[in-house]
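Participant: Below you'll find final_32.csv; it's CSV, C-alpha atoms (C1' of nucleotides).
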```csv
chain,number,residue,atom,x,y,z
A,958,MET,CA,0.0,0.0,0.0
A,959,GLY,CA,1.1,3.5,-0.7
A,960,ILE,CA,0.7,6.9,0.9
A,961,THR,CA,-2.5,7.4,2.9
A,962,ARG,CA,-1.7,10.6,5.0
A,963,GLN,CA,-0.3,13.8,3.6
A,964,THR,CA,2.4,14.4,6.2
A,965,LYS,CA,4.9,17.3,6.2
A,966,GLN,CA,7.5,14.9,5.2
A,967,VAL,CA,5.6,13.4,2.3
A,968,LYS,CA,4.8,16.9,1.0
A,969,THR,CA,8.4,17.9,1.2
A,970,LEU,CA,9.5,14.9,-0.9
A,971,LEU,CA,6.7,15.3,-3.4
A,972,ASN,CA,7.7,18.9,-3.8
A,973,ILE,CA,11.3,17.9,-4.5
A,974,PHE,CA,10.3,15.6,-7.3
A,975,ASP,CA,7.8,18.0,-8.7
A,976,ASN,CA,10.4,20.7,-9.1
A,977,ASN,CA,13.2,18.4,-10.3
A,978,GLU,CA,13.3,16.7,-13.7
A,979,LYS,CA,16.5,15.0,-12.9
A,980,ALA,CA,17.0,11.9,-10.9
A,981,ILE,CA,18.2,12.0,-7.3
A,982,SER,CA,20.1,9.4,-5.3
A,983,VAL,CA,18.8,8.4,-1.9
A,984,VAL,CA,22.1,9.4,-0.5
A,985,ASP,CA,21.7,13.0,-1.8
A,986,LEU,CA,18.1,13.1,-0.7
A,987,ILE,CA,19.1,12.1,2.9
A,988,LYS,CA,21.8,14.7,3.0
A,989,LEU,CA,19.5,17.3,1.6
A,990,LEU,CA,16.8,16.6,4.1
A,991,GLU,CA,18.8,15.7,7.2
A,992,ALA,CA,17.6,18.8,9.0
A,993,GLN,CA,13.9,18.0,8.2
A,994,MET,CA,13.5,14.3,8.5
A,995,ASN,CA,15.1,11.0,9.4
A,996,LYS,CA,16.8,8.8,6.8
A,997,THR,CA,14.5,5.9,7.7
A,998,THR,CA,11.6,8.2,6.8
A,999,VAL,CA,13.1,9.0,3.5
A,1000,TYR,CA,13.5,5.4,2.6
A,1001,ARG,CA,9.9,4.6,3.7
A,1002,ILE,CA,8.3,7.4,1.8
A,1003,LEU,CA,10.2,6.6,-1.3
A,1004,ASP,CA,9.0,3.0,-1.1
A,1005,LYS,CA,5.4,4.2,-0.9
A,1006,LEU,CA,5.8,6.7,-3.7
A,1007,MET,CA,7.1,3.7,-5.8
A,1008,ASP,CA,3.9,1.8,-4.9
A,1009,ASP,CA,1.8,4.7,-5.9
A,1010,GLY,CA,3.6,5.1,-9.3
A,1011,VAL,CA,4.8,8.6,-8.4
A,1012,VAL,CA,8.5,7.8,-8.7
A,1013,HIS,CA,10.5,5.0,-10.1
A,1014,SER,CA,13.9,3.7,-9.0
A,1015,PHE,CA,17.0,2.3,-10.6
A,1016,VAL,CA,20.5,1.3,-9.7
A,1017,GLY,CA,23.3,3.7,-10.7
A,1018,LYS,CA,26.8,3.0,-11.9
A,1019,GLY,CA,28.2,2.6,-8.4
A,1020,GLY,CA,25.4,0.5,-7.1
A,1021,LEU,CA,23.5,3.3,-5.4
A,1022,LYS,CA,19.8,3.7,-5.6
A,1023,TRP,CA,18.4,6.6,-7.7
A,1024,TYR,CA,14.8,7.9,-7.9
A,1025,ALA,CA,13.1,10.0,-10.5
A,1026,LYS,CA,9.6,11.2,-11.1
A,1027,CYS,CA,7.4,9.0,-13.3
A,1028,GLN,CA,6.3,10.7,-16.5
A,1029,ASP,CA,6.0,8.7,-19.6
A,1030,CYS,CA,7.1,5.5,-17.9
A,1031,SER,CA,4.7,2.7,-17.3
A,1032,CYS,CA,4.9,2.6,-13.6
A,1033,GLU,CA,2.1,0.0,-13.1
A,1034,THR,CA,4.6,-2.7,-14.0
A,1035,HIS,CA,7.6,-0.9,-12.5
A,1036,ASN,CA,9.5,-1.6,-15.7
A,1037,ASP,CA,12.0,1.0,-16.7
A,1038,VAL,CA,11.2,1.4,-20.3
A,1039,HIS,CA,13.5,4.3,-20.8
A,1040,PRO,CA,17.2,4.5,-20.3
A,1041,HIS,CA,19.0,6.4,-17.6
A,1042,PHE,CA,22.0,8.6,-18.3
A,1043,GLN,CA,24.8,9.7,-16.0
A,1044,CYS,CA,27.1,12.5,-17.0
A,1045,LYS,CA,30.7,11.9,-16.0
A,1046,THR,CA,31.4,15.6,-15.9
A,1047,CYS,CA,28.6,17.1,-13.9
A,1048,GLY,CA,27.5,13.9,-12.2
A,1049,GLU,CA,23.8,14.5,-13.0
A,1050,VAL,CA,21.5,11.6,-13.7
A,1051,GLU,CA,18.5,11.9,-15.9
A,1052,CYS,CA,15.8,9.8,-17.6
A,1053,LEU,CA,16.1,9.8,-21.3
A,1054,SER,CA,12.8,10.2,-23.2
A,1055,VAL,CA,13.5,7.5,-25.7
A,1056,SER,CA,12.5,3.9,-25.8
A,1057,PHE,CA,15.0,1.2,-26.6
A,1058,THR,CA,14.4,-2.1,-28.2
A,1059,LEU,CA,15.8,-5.2,-26.6
A,1060,PRO,CA,17.9,-7.6,-28.6
A,1061,PRO,CA,16.2,-10.9,-29.5
A,1062,ILE,CA,16.8,-13.5,-26.9
A,1063,ASN,CA,15.5,-16.8,-28.0
A,1064,GLY,CA,14.1,-19.1,-25.3
A,1065,TYR,CA,14.1,-16.5,-22.5
A,1066,MET,CA,11.2,-14.8,-20.9
A,1067,VAL,CA,12.0,-11.1,-20.4
A,1068,GLU,CA,10.2,-9.4,-17.5
A,1069,SER,CA,12.0,-6.1,-17.2
A,1070,ALA,CA,15.2,-4.5,-18.5
A,1071,SER,CA,17.2,-1.5,-17.4
A,1072,LEU,CA,19.6,0.4,-19.5
A,1073,PHE,CA,22.2,2.6,-17.9
A,1074,ILE,CA,24.3,4.9,-20.0
A,1075,VAL,CA,27.4,6.8,-18.9
A,1076,GLY,CA,28.9,9.7,-20.9
A,1077,VAL,CA,28.8,13.4,-21.2
A,1078,CYS,CA,25.5,15.3,-21.3
A,1079,SER,CA,24.6,18.0,-23.7
A,1080,ASN,CA,25.2,20.8,-21.1
A,1081,CYS,CA,28.8,19.6,-20.5
A,1082,LEU,CA,29.8,19.0,-24.1
B,118,MET,CA,48.7,-2.8,-12.7
B,119,GLY,CA,47.3,-6.3,-12.7
B,120,ILE,CA,48.5,-9.7,-11.4
B,121,THR,CA,52.2,-10.2,-11.1
B,122,ARG,CA,52.5,-13.2,-8.9
B,123,GLN,CA,50.7,-16.5,-9.3
B,124,THR,CA,49.7,-17.1,-5.7
B,125,LYS,CA,47.5,-19.9,-4.4
B,126,GLN,CA,44.6,-17.5,-4.1
B,127,VAL,CA,45.0,-16.1,-7.6
B,128,LYS,CA,45.0,-19.6,-9.0
B,129,THR,CA,41.9,-20.5,-7.1
B,130,LEU,CA,40.0,-17.6,-8.4
B,131,LEU,CA,41.2,-18.1,-12.0
B,132,ASN,CA,40.1,-21.7,-11.7
B,133,ILE,CA,36.6,-20.7,-10.6
B,134,PHE,CA,36.1,-18.4,-13.6
B,135,ASP,CA,37.6,-20.9,-16.0
B,136,ASN,CA,35.1,-23.6,-15.0
B,137,ASN,CA,32.1,-21.3,-14.8
B,138,GLU,CA,30.4,-19.7,-17.7
B,139,LYS,CA,27.9,-17.9,-15.5
B,140,ALA,CA,28.5,-14.7,-13.6
B,141,ILE,CA,29.2,-14.8,-9.8
B,142,SER,CA,28.5,-12.1,-7.3
B,143,VAL,CA,31.3,-11.0,-5.0
B,144,VAL,CA,29.1,-12.0,-2.0
B,145,ASP,CA,28.8,-15.6,-3.3
B,146,LEU,CA,32.5,-15.7,-4.1
B,147,ILE,CA,33.4,-14.6,-0.6
B,148,LYS,CA,31.0,-17.2,0.9
B,149,LEU,CA,32.4,-19.9,-1.4
B,150,LEU,CA,36.0,-19.1,-0.5
B,151,GLU,CA,35.8,-18.1,3.1
B,152,ALA,CA,37.7,-21.2,4.2
B,153,GLN,CA,40.5,-20.5,1.7
B,154,MET,CA,41.0,-16.8,1.7
B,155,ASN,CA,40.1,-13.4,3.2
B,156,LYS,CA,37.3,-11.3,1.7
B,157,THR,CA,39.8,-8.4,1.3
B,158,THR,CA,41.9,-10.7,-0.9
B,159,VAL,CA,38.9,-11.6,-3.0
B,160,TYR,CA,38.1,-7.9,-3.7
B,161,ARG,CA,41.8,-7.2,-4.5
B,162,ILE,CA,42.3,-10.1,-6.8
B,163,LEU,CA,39.1,-9.3,-8.7
B,164,ASP,CA,40.3,-5.7,-9.2
B,165,LYS,CA,43.5,-6.9,-10.7
B,166,LEU,CA,41.8,-9.5,-12.9
B,167,MET,CA,39.7,-6.6,-14.2
B,168,ASP,CA,42.8,-4.6,-15.0
B,169,ASP,CA,44.2,-7.6,-16.8
B,170,GLY,CA,41.0,-8.0,-18.9
B,171,VAL,CA,40.3,-11.5,-17.5
B,172,VAL,CA,37.0,-10.7,-15.9
B,173,HIS,CA,34.5,-7.9,-16.2
B,174,SER,CA,32.1,-6.6,-13.6
B,175,PHE,CA,28.6,-5.2,-13.6
B,176,VAL,CA,26.0,-4.1,-11.1
B,177,GLY,CA,23.1,-6.5,-10.6
B,178,LYS,CA,19.4,-5.8,-9.9
B,179,GLY,CA,19.9,-5.3,-6.1
B,180,GLY,CA,23.0,-3.1,-6.5
B,181,LEU,CA,25.5,-5.9,-5.8
B,182,LYS,CA,28.6,-6.4,-7.9
B,183,TRP,CA,28.9,-9.4,-10.2
B,184,TYR,CA,31.9,-10.7,-12.1
B,185,ALA,CA,32.1,-12.9,-15.2
B,186,LYS,CA,34.9,-14.2,-17.4
B,187,CYS,CA,35.7,-12.0,-20.4
B,188,GLN,CA,35.0,-13.8,-23.7
B,189,ASP,CA,33.7,-11.9,-26.6
B,190,CYS,CA,33.6,-8.6,-24.7
B,191,SER,CA,36.1,-5.8,-25.5
B,192,CYS,CA,37.6,-5.6,-22.1
B,193,GLU,CA,40.3,-3.1,-23.1
B,194,THR,CA,37.8,-0.4,-22.7
B,195,HIS,CA,35.8,-2.1,-19.9
B,196,ASN,CA,32.6,-1.5,-21.7
B,197,ASP,CA,29.9,-4.0,-21.3
B,198,VAL,CA,28.9,-4.5,-24.9
B,199,HIS,CA,26.7,-7.4,-24.1
B,200,PRO,CA,23.6,-7.6,-21.8
B,201,HIS,CA,23.5,-9.4,-18.5
B,202,PHE,CA,20.5,-11.6,-17.6
B,203,GLN,CA,19.2,-12.6,-14.2
B,204,CYS,CA,16.7,-15.4,-13.9
B,205,LYS,CA,14.0,-14.8,-11.3
B,206,THR,CA,13.5,-18.5,-10.8
B,207,CYS,CA,17.0,-20.0,-10.3
B,208,GLY,CA,18.7,-16.7,-9.6
B,209,GLU,CA,21.6,-17.3,-12.0
B,210,VAL,CA,23.1,-14.4,-13.8
B,211,GLU,CA,24.7,-14.8,-17.2
B,212,CYS,CA,26.3,-12.8,-20.0
B,213,LEU,CA,24.2,-12.9,-23.2
B,214,SER,CA,26.1,-13.4,-26.4
B,215,VAL,CA,24.2,-10.8,-28.3
B,216,SER,CA,25.0,-7.2,-28.9
B,217,PHE,CA,22.5,-4.4,-28.5
B,218,THR,CA,22.2,-1.1,-30.3
B,219,LEU,CA,21.7,2.0,-28.2
B,220,PRO,CA,18.8,4.3,-29.0
B,221,PRO,CA,19.9,7.5,-30.7
B,222,ILE,CA,20.6,10.2,-28.2
B,223,ASN,CA,21.2,13.5,-29.9
B,224,GLY,CA,23.7,15.9,-28.3
B,225,TYR,CA,25.1,13.3,-25.8
B,226,MET,CA,28.5,11.6,-25.8
B,227,VAL,CA,28.1,8.0,-24.9
B,228,GLU,CA,31.0,6.3,-23.2
B,229,SER,CA,29.6,3.1,-21.9
B,230,ALA,CA,26.2,1.4,-21.5
B,231,SER,CA,25.0,-1.5,-19.5
B,232,LEU,CA,21.9,-3.4,-20.1
B,233,PHE,CA,20.5,-5.6,-17.3
B,234,ILE,CA,17.6,-7.9,-18.1
B,235,VAL,CA,15.5,-9.7,-15.6
B,236,GLY,CA,13.2,-12.6,-16.5
B,237,VAL,CA,13.1,-16.4,-16.7
B,238,CYS,CA,16.0,-18.3,-18.3
B,239,SER,CA,15.6,-21.1,-20.8
B,240,ASN,CA,16.4,-23.8,-18.3
B,241,CYS,CA,13.6,-22.6,-16.0
B,242,LEU,CA,10.9,-22.1,-18.6
C,360,DA,C1',-14.1,21.2,18.9
C,361,DA,C1',-12.6,17.2,21.5
C,362,DA,C1',-11.7,12.3,21.3
C,363,DT,C1',-9.5,8.6,19.2
C,364,DA,C1',-7.6,5.0,16.2
C,365,DT,C1',-3.6,4.2,13.8
C,366,DA,C1',-0.5,5.7,10.0
C,367,DA,C1',3.7,7.6,10.0
C,368,DC,C1',7.8,9.3,12.3
C,369,DG,C1',12.3,9.4,15.1
C,370,DC,C1',15.8,7.1,17.1
C,371,DA,C1',19.0,3.7,18.1
C,372,DA,C1',20.8,-0.4,17.1
C,373,DC,C1',21.7,-3.5,13.7
C,374,DT,C1',23.1,-5.9,9.1
C,375,DT,C1',25.8,-6.1,5.1
C,376,DA,C1',28.9,-4.5,1.3
C,377,DG,C1',33.0,-2.7,0.6
C,378,DT,C1',37.6,-0.2,2.1
C,379,DT,C1',41.9,0.9,4.6
C,380,DG,C1',46.2,0.5,7.3
C,381,DC,C1',49.5,-2.3,8.9
C,382,DA,C1',52.1,-6.2,10.3
C,383,DT,C1',53.1,-10.8,8.4
C,384,DT,C1',53.8,-14.2,4.7
C,385,DA,C1',55.3,-16.1,0.5
C,386,DT,C1',56.6,-15.5,-4.5
C,387,DG,C1',60.1,-15.3,-7.8
C,388,DA,C1',64.3,-13.1,-9.2
C,389,DA,C1',69.2,-12.5,-8.0
D,404,DT,C1',69.9,-19.6,-0.3
D,405,DT,C1',69.1,-14.9,0.1
D,406,DC,C1',66.2,-11.1,-0.3
D,407,DA,C1',63.1,-7.3,-2.0
D,408,DT,C1',58.6,-6.7,-2.2
D,409,DA,C1',54.0,-8.2,-4.0
D,410,DA,C1',50.4,-10.1,-1.9
D,411,DT,C1',47.8,-11.8,2.1
D,412,DG,C1',45.3,-11.8,6.7
D,413,DC,C1',43.3,-9.3,10.2
D,414,DA,C1',40.9,-5.9,12.6
D,415,DA,C1',38.9,-1.8,12.4
D,416,DC,C1',36.4,1.2,9.8
D,417,DT,C1',32.8,3.6,6.5
D,418,DA,C1',28.6,3.8,4.3
D,419,DA,C1',24.0,2.0,2.6
D,420,DG,C1',20.1,0.2,3.9
D,421,DT,C1',16.9,-2.3,7.5
D,422,DT,C1',14.3,-3.3,11.8
D,423,DG,C1',11.9,-2.8,16.2
D,424,DC,C1',9.7,0.0,19.2
D,425,DG,C1',8.1,4.0,21.6
D,426,DT,C1',6.2,8.5,20.4
D,427,DT,C1',3.8,11.9,17.4
D,428,DA,C1',0.5,13.7,14.3
D,429,DT,C1',-3.0,13.0,10.8
D,430,DA,C1',-7.7,12.5,9.7
D,431,DT,C1',-11.9,10.5,10.8
D,432,DT,C1',-15.7,10.1,14.1
D,433,DT,C1',-18.3,11.7,17.8
```
Could you write out this structure as structure tokens?
Facilitator:
Amino acid sequence: MGITRQTKQVKTLLNIFDNNEKAISVVDLIKLLEAQMNKTTVYRILDKLMDDGVVHSFVGKGGLKWYAKCQDCSCETHNDVHPHFQCKTCGEVECLSVSFTLPPINGYMVESASLFIVGVCSNCL
Amino acid sequence: MGITRQTKQVKTLLNIFDNNEKAISVVDLIKLLEAQMNKTTVYRILDKLMDDGVVHSFVGKGGLKWYAKCQDCSCETHNDVHPHFQCKTCGEVECLSVSFTLPPINGYMVESASLFIVGVCSNCL
DNA sequence: AAATATAACGCAACTTAGTTGCATTATGAA
DNA sequence: TTCATAATGCAACTAAGTTGCGTTATATTT
């Protein structure tokens, strides 16, 4: 089950995602919000926002968890149908609004796929 | 720099990768080898085998590091040019011998990309 | 507006992945 | 056999993420 009460903490997190097109790592979120809420609360609210299809998560290059607002992604199934891009220069991570086609894999049942791309973003080139 | 001395521990690890087509997580390796070597040693040898282009690493679904023998992959650049597949049923992770084409991303410089697929493998279907 | 059930929060303690520093061991060259 | 030093083991540490439990605050009911 997802969010049932609009607490201060929930509103704060929703506000961050509303005003941010880029993805944010949990570590950064916890640092950003350390004066306002406990890290346990951050993790718990993120879980619920996932359930509600408000945000989606993915694993970054170093193995850290990142979260981003759901837009064109089909969050009902929690599949990441778009790639995620991390810029080596500025460090920012973003959802790319393109879809990718999986290579043909005979005899396998594909449930979900995540594509993570590392490079230099348009701002830093 | 990579491996310079053929120690017992290095031979043990090389032997594991030689006799295993599938990928192995560091956690499983450490568990498997706990009687034979320290976990610090496992991490250090894996780093060196990466430098030598003997194995490549990638991040799995849960954020854990996985390692697999290099075969058709171009390990000079340490780019994962092939997808990795994890089976929901048996849990095994393997390198898929297919190449995938990235979606066109205008204005971005792509350095590396990793594709991680979750589903059910041919053995478990 | 007060009462109240309980969802949500804070805190501390914990688990687990991965790293670091340093003393000790063992490899391979001289 | 000697010996320099690469490599290992160990313990202590950092950091991400989780759990349990007592307390707080939301939103519904009275």
Participant: I'd like a table as JSON lines: residues in chain D with an atom no more than 10 Å from chain A, each row giving the shortest atom pair and its distance in Å to one decimal, only C-alpha atoms (C1' of nucleotides) counted, sorted by chain and rising residue number.
Facilitator:
```
{"residue": "D:DA418", "atom": "C1'", "partner": "A:Val984", "partner_atom": "CA", "distance": 9.8}
{"residue": "D:DA419", "atom": "C1'", "partner": "A:Leu1021", "partner_atom": "CA", "distance": 8.1}
{"residue": "D:DG420", "atom": "C1'", "partner": "A:Tyr1000", "partner_atom": "CA", "distance": 8.5}
{"residue": "D:DT421", "atom": "C1'", "partner": "A:Thr997", "partner_atom": "CA", "distance": 8.5}
{"residue": "D:DA428", "atom": "C1'", "partner": "A:Thr964", "partner_atom": "CA", "distance": 8.3}
{"residue": "D:DT429", "atom": "C1'", "partner": "A:Arg962", "partner_atom": "CA", "distance": 6.4}
{"residue": "D:DA430", "atom": "C1'", "partner": "A:Arg962", "partner_atom": "CA", "distance": 7.9}
```
Participant: Keeping C-alpha atoms (C1' of nucleotides), export the residues of the selection given above as an mmCIF file, keeping the file's coordinate frame.
Facilitator:
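Output below, filename selection.cif:
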```cif
data_model
loop_
_atom_site.group_PDB
_atom_site.id
_atom_site.type_symbol
_atom_site.label_atom_id
_atom_site.label_comp_id
_atom_site.auth_asym_id
_atom_site.auth_seq_id
_atom_site.Cartn_x
_atom_site.Cartn_y
_atom_site.Cartn_z
ATOM 1 C "C1'" DA D 418 28.600 3.800 4.300
ATOM 2 C "C1'" DA D 419 24.000 2.000 2.600
ATOM 3 C "C1'" DG D 420 20.100 0.200 3.900
ATOM 4 C "C1'" DT D 421 16.900 -2.300 7.500
ATOM 5 C "C1'" DA D 428 0.500 13.700 14.300
ATOM 6 C "C1'" DT D 429 -3.000 13.000 10.800
ATOM 7 C "C1'" DA D 430 -7.700 12.500 9.700
#
```
Participant: Report the closest atom pair, with its distance in Å rounded to one decimal, for each residue of chain A that has an atom no farther than 9 Å from chain B; count all atoms listed in the file, sort by chain and then rising residue number, and write it as CSV.
Facilitator:
```
residue,atom,partner,partner_atom,distance
A:Phe1015,CA,B:Lys178,CA,8.5
A:Val1016,CA,B:Gly180,CA,6.0
A:Gly1017,CA,B:Gly180,CA,8.0
A:Lys1018,CA,B:Val176,CA,7.2
A:Gly1019,CA,B:Val176,CA,7.6
A:Gly1020,CA,B:Gly180,CA,4.4
A:Leu1021,CA,B:Gly180,CA,6.5
A:Lys1022,CA,B:Gly180,CA,7.6
A:Pro1040,CA,B:Pro220,CA,8.8
A:Phe1042,CA,B:Ala230,CA,8.9
A:Cys1044,CA,B:Met226,CA,9.0
A:Leu1053,CA,B:Ile222,CA,8.2
A:Val1055,CA,B:Pro220,CA,7.0
A:Ser1056,CA,B:Pro220,CA,7.1
A:Phe1057,CA,B:Pro220,CA,5.5
A:Thr1058,CA,B:Pro220,CA,7.8
A:Leu1059,CA,B:Phe217,CA,7.0
A:Pro1060,CA,B:Phe217,CA,5.6
A:Pro1061,CA,B:Val215,CA,8.1
A:Ile1062,CA,B:Val215,CA,8.0
A:Asn1063,CA,B:Ser239,CA,8.4
A:Gly1064,CA,B:Ser239,CA,5.1
A:Tyr1065,CA,B:Cys238,CA,4.9
A:Met1066,CA,B:Val237,CA,4.9
A:Val1067,CA,B:Gly236,CA,4.3
A:Glu1068,CA,B:Gly236,CA,4.5
A:Ser1069,CA,B:Val235,CA,5.3
A:Ala1070,CA,B:Ile234,CA,4.2
A:Ser1071,CA,B:Phe233,CA,5.3
A:Leu1072,CA,B:Leu232,CA,4.5
A:Phe1073,CA,B:Ser231,CA,5.2
A:Ile1074,CA,B:Ala230,CA,4.3
A:Val1075,CA,B:Ser229,CA,5.2
A:Gly1076,CA,B:Val227,CA,4.4
A:Val1077,CA,B:Met226,CA,4.9
A:Cys1078,CA,B:Tyr225,CA,4.9
A:Ser1079,CA,B:Gly224,CA,5.1
A:Asn1080,CA,B:Gly224,CA,8.8
A:Leu1082,CA,B:Tyr225,CA,7.6
```
Participant: Have a look at A:Met1007, A:Ile973, A:Ile1002, A:Leu990 and name the one nearest to chain C; count only C-alpha atoms (C1' of nucleotides).
Facilitator: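 For chain C, the nearest of the given residues is A:Ile1002.
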Participant: Put chain A on top of chain B with a least-squares fit on all C-alpha atoms, paired in order, and send it back as a tab-separated table (two decimals) with C-alpha atoms, in the coordinates of the input.
Facilitator:
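And here's part26.tsv as it stands now:
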```
chain	number	residue	atom	x	y	z
A	958	MET	CA	48.59	-2.76	-12.70
A	959	GLY	CA	47.30	-6.27	-12.68
A	960	ILE	CA	48.45	-9.63	-11.40
A	961	THR	CA	52.22	-10.11	-11.22
A	962	ARG	CA	52.57	-13.25	-8.91
A	963	GLN	CA	50.67	-16.47	-9.37
A	964	THR	CA	49.60	-16.99	-5.77
A	965	LYS	CA	47.43	-19.87	-4.47
A	966	GLN	CA	44.66	-17.47	-4.12
A	967	VAL	CA	44.89	-16.05	-7.62
A	968	LYS	CA	44.97	-19.59	-9.06
A	969	THR	CA	41.93	-20.56	-7.09
A	970	LEU	CA	39.93	-17.60	-8.46
A	971	LEU	CA	41.15	-18.08	-12.00
A	972	ASN	CA	40.09	-21.68	-11.77
A	973	ILE	CA	36.61	-20.66	-10.64
A	974	PHE	CA	36.10	-18.44	-13.62
A	975	ASP	CA	37.60	-20.89	-16.01
A	976	ASN	CA	35.15	-23.58	-15.02
A	977	ASN	CA	32.11	-21.28	-14.75
A	978	GLU	CA	30.35	-19.66	-17.70
A	979	LYS	CA	27.95	-17.92	-15.48
A	980	ALA	CA	28.48	-14.77	-13.57
A	981	ILE	CA	29.20	-14.77	-9.84
A	982	SER	CA	28.51	-12.11	-7.23
A	983	VAL	CA	31.31	-11.04	-4.93
A	984	VAL	CA	29.12	-11.98	-2.07
A	985	ASP	CA	28.85	-15.61	-3.31
A	986	LEU	CA	32.53	-15.72	-4.11
A	987	ILE	CA	33.42	-14.63	-0.51
A	988	LYS	CA	31.12	-17.20	0.96
A	989	LEU	CA	32.45	-19.85	-1.32
A	990	LEU	CA	36.03	-19.12	-0.48
A	991	GLU	CA	35.80	-18.13	3.18
A	992	ALA	CA	37.74	-21.19	4.23
A	993	GLN	CA	40.57	-20.44	1.70
A	994	MET	CA	41.05	-16.74	1.68
A	995	ASN	CA	40.08	-13.41	3.17
A	996	LYS	CA	37.32	-11.26	1.68
A	997	THR	CA	39.75	-8.36	1.26
A	998	THR	CA	41.85	-10.70	-0.88
A	999	VAL	CA	38.93	-11.56	-3.00
A	1000	TYR	CA	38.12	-7.98	-3.68
A	1001	ARG	CA	41.80	-7.19	-4.51
A	1002	ILE	CA	42.27	-10.05	-6.88
A	1003	LEU	CA	39.09	-9.30	-8.67
A	1004	ASP	CA	40.22	-5.71	-9.17
A	1005	LYS	CA	43.46	-6.93	-10.73
A	1006	LEU	CA	41.75	-9.50	-12.91
A	1007	MET	CA	39.57	-6.53	-14.18
A	1008	ASP	CA	42.80	-4.64	-15.01
A	1009	ASP	CA	44.15	-7.58	-16.84
A	1010	GLY	CA	40.91	-8.05	-18.91
A	1011	VAL	CA	40.32	-11.51	-17.45
A	1012	VAL	CA	36.95	-10.69	-15.92
A	1013	HIS	CA	34.51	-7.91	-16.23
A	1014	SER	CA	32.08	-6.55	-13.63
A	1015	PHE	CA	28.59	-5.16	-13.54
A	1016	VAL	CA	25.97	-4.11	-11.07
A	1017	GLY	CA	23.05	-6.51	-10.51
A	1018	LYS	CA	19.41	-5.81	-9.85
A	1019	GLY	CA	19.91	-5.32	-6.13
A	1020	GLY	CA	22.97	-3.21	-6.42
A	1021	LEU	CA	25.48	-5.99	-5.80
A	1022	LYS	CA	28.60	-6.42	-7.78
A	1023	TRP	CA	28.81	-9.38	-10.22
A	1024	TYR	CA	31.85	-10.72	-12.13
A	1025	ALA	CA	32.07	-12.89	-15.18
A	1026	LYS	CA	34.83	-14.13	-17.39
A	1027	CYS	CA	35.66	-12.01	-20.44
A	1028	GLN	CA	35.05	-13.79	-23.72
A	1029	ASP	CA	33.79	-11.86	-26.62
A	1030	CYS	CA	33.65	-8.62	-24.68
A	1031	SER	CA	36.02	-5.82	-25.40
A	1032	CYS	CA	37.66	-5.64	-22.08
A	1033	GLU	CA	40.34	-3.05	-23.08
A	1034	THR	CA	37.71	-0.35	-22.71
A	1035	HIS	CA	35.83	-2.09	-19.88
A	1036	ASN	CA	32.61	-1.45	-21.76
A	1037	ASP	CA	29.95	-4.05	-21.34
A	1038	VAL	CA	28.88	-4.54	-24.86
A	1039	HIS	CA	26.64	-7.43	-24.09
A	1040	PRO	CA	23.67	-7.59	-21.84
A	1041	HIS	CA	23.43	-9.41	-18.56
A	1042	PHE	CA	20.48	-11.60	-17.64
A	1043	GLN	CA	19.17	-12.62	-14.24
A	1044	CYS	CA	16.69	-15.42	-13.92
A	1045	LYS	CA	14.04	-14.77	-11.29
A	1046	THR	CA	13.49	-18.46	-10.77
A	1047	CYS	CA	16.92	-19.94	-10.37
A	1048	GLY	CA	18.70	-16.71	-9.50
A	1049	GLU	CA	21.53	-17.36	-12.00
A	1050	VAL	CA	23.18	-14.49	-13.81
A	1051	GLU	CA	24.72	-14.87	-17.19
A	1052	CYS	CA	26.23	-12.83	-20.04
A	1053	LEU	CA	24.15	-12.92	-23.12
A	1054	SER	CA	26.10	-13.39	-26.38
A	1055	VAL	CA	24.25	-10.74	-28.29
A	1056	SER	CA	25.06	-7.16	-28.95
A	1057	PHE	CA	22.48	-4.45	-28.49
A	1058	THR	CA	22.20	-1.20	-30.26
A	1059	LEU	CA	21.76	1.95	-28.25
A	1060	PRO	CA	18.94	4.32	-29.03
A	1061	PRO	CA	19.96	7.58	-30.72
A	1062	ILE	CA	20.70	10.25	-28.23
A	1063	ASN	CA	21.28	13.51	-29.91
A	1064	GLY	CA	23.82	15.86	-28.30
A	1065	TYR	CA	25.20	13.33	-25.79
A	1066	MET	CA	28.52	11.64	-25.78
A	1067	VAL	CA	28.08	7.96	-24.86
A	1068	GLU	CA	31.08	6.31	-23.17
A	1069	SER	CA	29.67	3.04	-21.95
A	1070	ALA	CA	26.25	1.43	-21.47
A	1071	SER	CA	25.06	-1.52	-19.46
A	1072	LEU	CA	21.95	-3.45	-20.07
A	1073	PHE	CA	20.48	-5.59	-17.34
A	1074	ILE	CA	17.63	-7.92	-18.09
A	1075	VAL	CA	15.47	-9.77	-15.56
A	1076	GLY	CA	13.20	-12.70	-16.50
A	1077	VAL	CA	13.15	-16.41	-16.72
A	1078	CYS	CA	15.98	-18.34	-18.38
A	1079	SER	CA	15.60	-21.10	-20.84
A	1080	ASN	CA	16.37	-23.83	-18.22
A	1081	CYS	CA	13.52	-22.59	-15.96
A	1082	LEU	CA	10.88	-22.06	-18.62
```
Participant: Mind listing as a ChimeraX atom specification which residues of chain C are within 9 Å of chain A, counting all atoms listed in the file?
Facilitator: /C:366-370
Participant: Have a look at atom CA of B:Val171 and atom CA of B:Leu130 and let me know their distance in Å, one decimal.
Facilitator: 11.0 Å
Participant: By how many Å are atom CA of B:Phe134 and atom CA of B:Asp168 apart?
Facilitator: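 Distance reported for this atom pair: 15.4 Å.
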Participant: Enter the distance from atom CA of B:Lys128 to atom CA of B:Trp183, in Å, rounded to one decimal.
Facilitator: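 Separating atom CA of B:Lys128 from atom CA of B:Trp183 is a distance of 19.1 Å.
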Participant: I want to know what sits within 12 Å of stretch 379-384 of chain C, based on all atoms listed in the file, with residues of the same chain fewer than 5 positions away left out; could you give that as number ranges by chain?
Facilitator: B: 124, 157; D: 408-417
